[in-house]
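Trainee: The structure is given below, and queries will be raised subsequently.
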There are 2 protein chains.
Amino acid sequence: MNVNERIQALRALMKEKNITAVYIPTSDFHNSEYVGDYFKCRAYMTNFYGSAGVVLITQEKALLWTDARYFIIAANAIKDNEVILMKMAEEGVPTIEEYMCEHLHANDTLAFDGRVVSATLYKQWKELLPEVNFKSDEDLVGQIWTDRPELSNAPAWLLSEKYTGKSTAQKISEIREKMKEYGTDYHLISTLDDNAWLFNMRGDDVHSSPVVLSYSIIGMDEVRLFVNENKLSDELKDYLKQSGVVCYPYNDVYEHLTQLPKDKTMLMNSAVVNSLLLSSCACKIVDAPAPSTLMKAMKNEVEIENTRQAHLVDGVAVTKFMIWLKDEIKKREISELEAAEVLYNYRSECEDLIELSFDTIAGYGPNGASMHYTASPESYAMCKAEGFLLVDSGGTYKQGTTDITRTFVLGPLNETFRSHFTTVLRSLIDLSLAHFPYGATGANLDSISRQVFWEKGLDFKHGTGHGVGHVLNVHEGPNNIFWRISPNRPSIVMEEGMITSNEPGYYEEGSHGIRLENEILTVKAEKTEYGQFMKFETLTLAPLDLDGVNVDELTQYEKAWLNDYHKTVYEKISPFLNEHEKQMLAIYTRAI
Amino acid sequence: MNVNERIQALRALMKEKNITAVYIPTSDFHNSEYVGDYFKCRAYMTNFYGSAGVVLITQEKALLWTDARYFIIAANAIKDNEVILMKMAEEGVPTIEEYMCEHLHANDTLAFDGRVVSATLYKQWKELLPEVNFKSDEDLVGQIWTDRPELSNAPAWLLSEKYTGKSTAQKISEIREKMKEYGTDYHLISTLDDNAWLFNMRGDDVHSSPVVLSYSIIGMDEVRLFVNENKLSDELKDYLKQSGVVCYPYNDVYEHLTQLPKDKTMLMNSAVVNSLLLSSCACKIVDAPAPSTLMKAMKNEVEIENTRQAHLVDGVAVTKFMIWLKDEIKKREISELEAAEVLYNYRSECEDLIELSFDTIAGYGPNGASMHYTASPESYAMCKAEGFLLVDSGGTYKQGTTDITRTFVLGPLNETFRSHFTTVLRSLIDLSLAHFPYGATGANLDSISRQVFWEKGLDFKHGTGHGVGHVLNVHEGPNNIFWRISPNRPSIVMEEGMITSNEPGYYEEGSHGIRLENEILTVKAEKTEYGQFMKFETLTLAPLDLDGVNVDELTQYEKAWLNDYHKTVYEKISPFLNEHEKQMLAIYTRAI
């Protein structure tokens, strides 16, 4: 079936079931940012495979909402079918909720799969559309999708305590302390990163995310893990057993929830649990963030030390790549695809590499200005000995997850390009140098990052920083650095042990893109009568391309930071390089 | 009666009425920051007359909560009575709510005057203390306070449109537009500054605040103003009549609220209306901020131009005072009281001065470290030709309200003092230079102000900026500049036309205090592809004492700002000075 035929098949089913509209989001049962192939219903119904988008299908129309990052890609994807693009946040384009309010009337029926819609969203709909009927148990796409992929069944394994630094038993005990503070008897965890963290369990059920499809219910003297037990390694099975965890089939969680005692209380976060989980639960709900989310973000000493190791091997790979790239480009053109491949090969030299933490973005020239650019065999550029190559990449190692962006100077630059590069670099350094009282949030600190942009009337349209997991998701809250606060993205206190990206950028559509990204660890600085001060330790270890820098634009403090940083990079990375590479690294990390 | 006797009298009444605890805040019926003498129950019960504090009295204890600005002053005020100081935000000190939760038990009774407790606070108590009884109609202090002052009855007058720039009719029409957006039929305004703004009415019912005790109810085709009509000037009465406003007695608002139609809706802000107003209202409540609050904060062109005039005459007074002070201190010692008096006299030379916008703070040496120090005939210091004199003062003129702090160098400084002064100055300048996209809030910007403190492990324990009214309150939200966000003080977008103070400080208890304060107007900067950028225009015009500056610590941009600023000060102020003063101002505003 092509997309139009799929839409027709869905409409036939809708008629049969007396359904007015079907809502198809981009989500799995766990509110994940990226989802496994089984869950790609929205992509199946539209041919648009970007990471964000929502579809509403009625008898008359098939509408796809997506955001600015994807306008061009989505328009291209749907050009041969009847899907209509709704450009989010553009003037005159209603939100999907506004559209539903206008077009759904009394006694109309909106259908969706309650497992892929969050409890909070469903609650909002019921308030917004009081006269509309909801059918929340309809996986309609599943009924027409004949060749739907199976649910992922990738092996799951134990990430040993020498990497995680804390036992599952200890983590459970800490969670129970928090449950007591909330006065709750049970706690439901449905987010995959939280379960992976809690059970020291890793897998491969989502592309580039080493997570395992699972739910868990923590009681005061029992722990139930809902997972396909066949995929667990023997070592992991033993570990879970020793930790007092009992496994049940993945889909049984709903039935278990209905069977819990009515007079008990359940801690769950309605913003992330799906609406079927919430409605299945027999207990009284206490709605609050899962305690594990903050615990997981505040890395322990063992995780931090391992993460430093991961950055060392990752930095060696990126440094070798940089030397190869800047040598080779003098001799010949290099495709973006080859660049990504060579970098992958350098990373693969480390046997502890599990996978890339996301698909490498290697964008040359104008492609660097497209924030989520992916080269493909059908469409890629050739790098020449001029301008910038932006490379955003990372690895998931047994020791930790990395995310690093370097923009490499491939040849002569004009003064404007050099000034843009220097502004991005100054922004990176200014945040690295930040020193602030405990209690400050990312929204407080972002103006320190962006000052060098703002003073010139410039800016960049993405966050300065996102949290990074430990051998887990490369985007992992709750920490973030962004000046705009929204109810969906509150700005939280930068706690000791949090790892956050520091990634300012500058983008000129059709011309060039520059982004530089280090990962920074929040650590304690001195305690004074004004309280505990905090600062950042930079974890990432790879040269920042000095060929892009206009030294005159740096303050003395920025210059000192850069020279210190490069000194550290040379000291740590050079032992892993051959003689030629050492010589080049010495040049790339020279004091300025 | 002394304070202990007053407490005993209150306790006797409590016993009689079977009341466990009495809550006595610092408030009037209008949620004002500063209150008339009639409302000073908390001061009457404690002898602490600072602007902020809350008392809880039980049979066993009399507890006073106040914030860091007042720790020293309050401790002094209560040293001869049984009141116990609870230092807010200090480690180990419970908040008053935490204290009540711990010490009030089932069937205990908490009494308060519902007219001085906000509807929001009362609601929180009911949730926090579900088993406690509340008596919300007990003005117990009023019952023991035999010589209580009368409610203020000061004359009220019309501030003409040549100063306000907008008619009451126009303002009412704009408010009705907002009421329509909320779908409401009525709107209650109980805050005095909002009523003063809306009716172009000024008075003197609160010390240093030109407001008039009043409530108003705006309907779609009627406006009711609850005020003692006898105090209104004929001109004001006529103006109100022409604007379609009908006056009713001040206390009748509660009765009117009960008589409103039950099927209509009322816009009110439960965070600021008192709990009796809310409970009296027969209509369905729509709880949202009063539209006038934001309208009032965004000054119009006429208000801005008048405010510039106010700063000019105010700057002349402060400059003359500075010259007098720095001349005179070479010859003799000067008391803090005389300094404040001389400054007042200079301000009085302007016939448009209505009153000081607050009692002048003139704190010499260690007294400067007490943030809200007031000298009194019983207790004041003599300034000598050494160290700092901190003077925080302002005037309410027909043209506008000013608030300015200068710290004057009276003689030789050591390097540490000079470095502290320079840090405060740099912070002031760094915020003055801020340039930011529309949408940024005070919480975003405050880290720009504080960076020079934070990088040294220093800080100051007050906000960097508060909104300032137009011929109104010298502290007037909703705009503020402070990095810490709390539910009570959200950080709002810096809108065009807002006037905010910029007042970093450095305080060393027992040694010295430094604060520098300018008022800054938010104005549009350029519009780029990244949106509308905003910046600040400094309104305040008086020298920043160069004798305190270590020029080497300033960046080139800071130096340039300071020289530009001083050039402007000289140009604008010097025409109003005599020859000697001109010569001195030239020295005080010299380029560095």
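Each chain in the structure tokens gets a letter, A, B and so on, in the order shown; residues start at 1 in every chain, and ligands are counted from 1 in the order they appear.
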DSSP on the backbone, then: every residue of range 115-271 of chain A marked helix (DSSP H, G or I), written as number ranges by chain.
Mentor: A: 115-116, 119-128, 140-144, 161-164, 168-181, 192-198, 229-231, 234-242, 250-259
Trainee: Give the strand (DSSP E) residues of range 123-263 of chain B, as assigned by DSSP on the backbone, as an NGL selection string.
Mentor: :B and (133-135 or 157-158 or 186-189 or 201-202 or 215-218 or 223-226 or 245-248)
Trainee: Restricted to N, CA and C atoms, what would the selected residues look like written as a PDB file, in the first residue's frame?
Mentor:
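The result, stored in part.pdb:
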```
ATOM      1  N   ASN B 133      -9.083  24.891  62.913  1.00  0.00           N
ATOM      2  CA  ASN B 133     -10.195  25.830  62.696  1.00  0.00           C
ATOM      3  C   ASN B 133      -9.638  27.219  62.396  1.00  0.00           C
ATOM      4  N   PHE B 134     -10.329  27.961  61.548  1.00  0.00           N
ATOM      5  CA  PHE B 134      -9.904  29.326  61.259  1.00  0.00           C
ATOM      6  C   PHE B 134     -10.991  30.301  61.666  1.00  0.00           C
ATOM      7  N   LYS B 135     -10.602  31.367  62.332  1.00  0.00           N
ATOM      8  CA  LYS B 135     -11.515  32.491  62.559  1.00  0.00           C
ATOM      9  C   LYS B 135     -10.957  33.655  61.760  1.00  0.00           C
ATOM     10  N   TRP B 157      -6.292  64.165  44.965  1.00  0.00           N
ATOM     11  CA  TRP B 157      -6.310  65.161  43.907  1.00  0.00           C
ATOM     12  C   TRP B 157      -6.066  64.504  42.548  1.00  0.00           C
ATOM     13  N   LEU B 158      -6.353  65.282  41.517  1.00  0.00           N
ATOM     14  CA  LEU B 158      -6.230  64.779  40.142  1.00  0.00           C
ATOM     15  C   LEU B 158      -4.822  65.003  39.613  1.00  0.00           C
ATOM     16  N   TYR B 186     -17.384  41.523  35.385  1.00  0.00           N
ATOM     17  CA  TYR B 186     -16.918  42.512  36.346  1.00  0.00           C
ATOM     18  C   TYR B 186     -15.432  42.313  36.623  1.00  0.00           C
ATOM     19  N   HIS B 187     -14.847  43.352  37.180  1.00  0.00           N
ATOM     20  CA  HIS B 187     -13.440  43.256  37.586  1.00  0.00           C
ATOM     21  C   HIS B 187     -13.266  44.058  38.870  1.00  0.00           C
ATOM     22  N   LEU B 188     -12.717  43.399  39.883  1.00  0.00           N
ATOM     23  CA  LEU B 188     -12.461  44.071  41.164  1.00  0.00           C
ATOM     24  C   LEU B 188     -10.999  44.478  41.238  1.00  0.00           C
ATOM     25  N   ILE B 189     -10.753  45.756  41.540  1.00  0.00           N
ATOM     26  CA  ILE B 189      -9.383  46.227  41.775  1.00  0.00           C
ATOM     27  C   ILE B 189      -9.283  46.685  43.221  1.00  0.00           C
ATOM     28  N   MET B 201      -5.638  59.521  40.001  1.00  0.00           N
ATOM     29  CA  MET B 201      -5.945  60.054  41.341  1.00  0.00           C
ATOM     30  C   MET B 201      -4.730  59.832  42.233  1.00  0.00           C
ATOM     31  N   ARG B 202      -4.362  60.859  42.968  1.00  0.00           N
ATOM     32  CA  ARG B 202      -3.257  60.697  43.911  1.00  0.00           C
ATOM     33  C   ARG B 202      -3.683  61.247  45.262  1.00  0.00           C
ATOM     34  N   TYR B 215     -11.266  50.948  46.702  1.00  0.00           N
ATOM     35  CA  TYR B 215     -11.491  49.740  45.907  1.00  0.00           C
ATOM     36  C   TYR B 215     -12.265  50.187  44.668  1.00  0.00           C
ATOM     37  N   SER B 216     -12.246  49.377  43.614  1.00  0.00           N
ATOM     38  CA  SER B 216     -13.146  49.683  42.501  1.00  0.00           C
ATOM     39  C   SER B 216     -13.684  48.407  41.878  1.00  0.00           C
ATOM     40  N   ILE B 217     -14.888  48.539  41.326  1.00  0.00           N
ATOM     41  CA  ILE B 217     -15.496  47.443  40.568  1.00  0.00           C
ATOM     42  C   ILE B 217     -15.825  47.988  39.176  1.00  0.00           C
ATOM     43  N   ILE B 218     -15.211  47.377  38.170  1.00  0.00           N
ATOM     44  CA  ILE B 218     -15.452  47.800  36.792  1.00  0.00           C
ATOM     45  C   ILE B 218     -16.473  46.837  36.193  1.00  0.00           C
ATOM     46  N   VAL B 223     -18.800  51.940  36.442  1.00  0.00           N
ATOM     47  CA  VAL B 223     -17.580  51.844  37.243  1.00  0.00           C
ATOM     48  C   VAL B 223     -17.901  52.358  38.634  1.00  0.00           C
ATOM     49  N   ARG B 224     -17.666  51.532  39.656  1.00  0.00           N
ATOM     50  CA  ARG B 224     -17.922  51.947  41.034  1.00  0.00           C
ATOM     51  C   ARG B 224     -16.579  52.135  41.745  1.00  0.00           C
ATOM     52  N   LEU B 225     -16.430  53.297  42.369  1.00  0.00           N
ATOM     53  CA  LEU B 225     -15.208  53.568  43.130  1.00  0.00           C
ATOM     54  C   LEU B 225     -15.591  53.714  44.596  1.00  0.00           C
ATOM     55  N   PHE B 226     -14.978  52.898  45.442  1.00  0.00           N
ATOM     56  CA  PHE B 226     -15.277  52.915  46.875  1.00  0.00           C
ATOM     57  C   PHE B 226     -14.186  53.718  47.577  1.00  0.00           C
ATOM     58  N   VAL B 245     -17.531  57.479  36.413  1.00  0.00           N
ATOM     59  CA  VAL B 245     -17.241  56.739  37.648  1.00  0.00           C
ATOM     60  C   VAL B 245     -18.208  57.204  38.741  1.00  0.00           C
ATOM     61  N   VAL B 246     -18.848  56.260  39.429  1.00  0.00           N
ATOM     62  CA  VAL B 246     -19.750  56.595  40.536  1.00  0.00           C
ATOM     63  C   VAL B 246     -19.075  56.225  41.861  1.00  0.00           C
ATOM     64  N   CYS B 247     -19.085  57.173  42.818  1.00  0.00           N
ATOM     65  CA  CYS B 247     -18.413  56.932  44.097  1.00  0.00           C
ATOM     66  C   CYS B 247     -19.368  56.368  45.143  1.00  0.00           C
ATOM     67  N   TYR B 248     -18.853  55.447  45.946  1.00  0.00           N
ATOM     68  CA  TYR B 248     -19.583  54.880  47.091  1.00  0.00           C
ATOM     69  C   TYR B 248     -18.665  54.905  48.298  1.00  0.00           C
TER      70      TYR B 248
END
```
Trainee: Can you tell me, as a PyMOL selection string, what residues are no more than 10 Å from Gly368 in chain B when counting only C-alpha atoms, ignoring any on the same chain fewer than 6 positions away?
Mentor: chain B and resi 361-362+374+388-392+407+506-515
Trainee: Within 7 Å of chain B, which residues belong to chain A? Use only C-alpha atoms and report them as a CSV table (one decimal) with N, CA and C atoms, in the first residue's frame.
Mentor:
```
chain,number,residue,atom,x,y,z
A,435,HIS,N,30.5,30.7,37.3
A,435,HIS,CA,30.8,30.4,38.7
A,435,HIS,C,29.5,31.0,39.3
A,436,PHE,N,28.8,30.2,40.1
A,436,PHE,CA,27.5,30.7,40.5
A,436,PHE,C,27.0,30.1,41.8
A,443,ALA,N,18.2,28.6,33.2
A,443,ALA,CA,17.6,29.8,32.7
A,443,ALA,C,18.4,31.1,33.2
A,444,ASN,N,18.9,30.9,34.4
A,444,ASN,CA,19.8,32.0,35.0
A,444,ASN,C,21.1,32.1,34.2
A,445,LEU,N,21.6,30.9,33.9
A,445,LEU,CA,23.0,30.9,33.3
A,445,LEU,C,23.1,31.1,31.8
A,447,SER,N,22.0,33.4,29.9
A,447,SER,CA,22.4,34.7,29.4
A,447,SER,C,23.9,34.9,29.5
A,448,ILE,N,24.6,34.2,30.3
A,448,ILE,CA,26.1,34.3,30.3
A,448,ILE,C,26.6,33.7,29.0
A,454,TRP,N,24.0,38.1,21.9
A,454,TRP,CA,23.0,39.1,22.0
A,454,TRP,C,23.5,40.5,21.8
A,455,GLU,N,24.7,40.8,22.3
A,455,GLU,CA,25.3,42.1,22.2
A,455,GLU,C,25.4,42.5,20.7
A,457,GLY,N,23.1,41.5,18.4
A,457,GLY,CA,21.8,41.2,17.8
A,457,GLY,C,21.7,39.8,17.1
A,458,LEU,N,22.6,38.9,17.6
A,458,LEU,CA,22.6,37.6,17.1
A,458,LEU,C,22.0,36.6,18.1
A,459,ASP,N,21.7,35.4,17.7
A,459,ASP,CA,21.2,34.4,18.6
A,459,ASP,C,21.3,33.0,17.9
A,483,TRP,N,17.4,29.9,28.1
A,483,TRP,CA,16.8,31.1,28.8
A,483,TRP,C,15.3,31.1,28.8
A,528,THR,N,31.2,30.1,50.7
A,528,THR,CA,31.5,31.4,51.3
A,528,THR,C,30.3,31.8,52.2
A,530,TYR,N,28.2,33.7,51.4
A,530,TYR,CA,27.0,33.8,50.5
A,530,TYR,C,26.5,32.5,50.0
A,533,PHE,N,29.1,27.9,46.3
A,533,PHE,CA,29.3,28.2,44.9
A,533,PHE,C,29.5,27.0,44.1
```
Trainee: My list of candidates is A:Ile78, A:Asp547, A:Leu353, A:Lys264. Which is closest to Pro412 in chain A when distances are computed with only C-alpha atoms?
Mentor: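 Checking each candidate against Pro412 in chain A, we get A:Asp547 as the closest.
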Trainee: Quick check, in Å to one decimal: how far apart do CA of Gly36 in chain A and CA of Leu213 in chain A lie?
Mentor: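 Result for CA of Gly36 in chain A versus CA of Leu213 in chain A: 9.6 Å, one decimal.
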Trainee: Rounded to one decimal in Å, what is the spacing between CA of Met86 in chain B and CA of Leu63 in chain B?
Mentor: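 Separating CA of Met86 in chain B from CA of Leu63 in chain B is a distance of 6.7 Å.
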Trainee: Report as a PyMOL selection string all protein, DNA and RNA residues lying within 6 Å of Gly467 in chain B, evaluated on only C-alpha atoms, omitting residues in the same chain fewer than 4 positions from it.
Mentor: chain B and resi 475-477+479-480+499-500
Trainee: Would you mind reading off the distance between CA of Pro210 in chain B and CA of Asp193 in chain B, one decimal, in Å?
Mentor: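 Interatomic distance here is 8.6 Å.
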Trainee: Name all residues at most 10 Å from Ile323 in chain A (count only C-alpha atoms; drop same-chain ones fewer than 6 positions away) and give them as an NGL selection string.
Mentor: :A and (580-585 or 588)
Trainee: I need the chosen residues saved as a compact mmCIF listing (two decimals), in the first residue's frame, with N, CA and C atoms.
Mentor:
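Listing of again_29.txt after writing:
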```txt
# COMPACT_ATOMS: atom_id res chain seq x y z
N HIS A 580 53.39 11.49 14.11
CA HIS A 580 52.84 12.55 13.26
C HIS A 580 51.63 13.20 13.94
N GLU A 581 50.76 12.35 14.47
CA GLU A 581 49.57 12.88 15.13
C GLU A 581 49.94 13.76 16.33
N LYS A 582 50.95 13.32 17.08
CA LYS A 582 51.41 14.13 18.21
C LYS A 582 51.87 15.51 17.76
N GLN A 583 52.64 15.51 16.67
CA GLN A 583 53.12 16.80 16.16
C GLN A 583 51.95 17.71 15.76
N MET A 584 50.98 17.10 15.08
CA MET A 584 49.84 17.91 14.65
C MET A 584 49.03 18.39 15.86
N LEU A 585 48.85 17.51 16.84
CA LEU A 585 48.08 17.91 18.03
C LEU A 585 48.78 19.06 18.76
N TYR A 588 47.76 22.01 16.94
CA TYR A 588 46.33 22.32 17.12
C TYR A 588 46.01 22.80 18.53
```
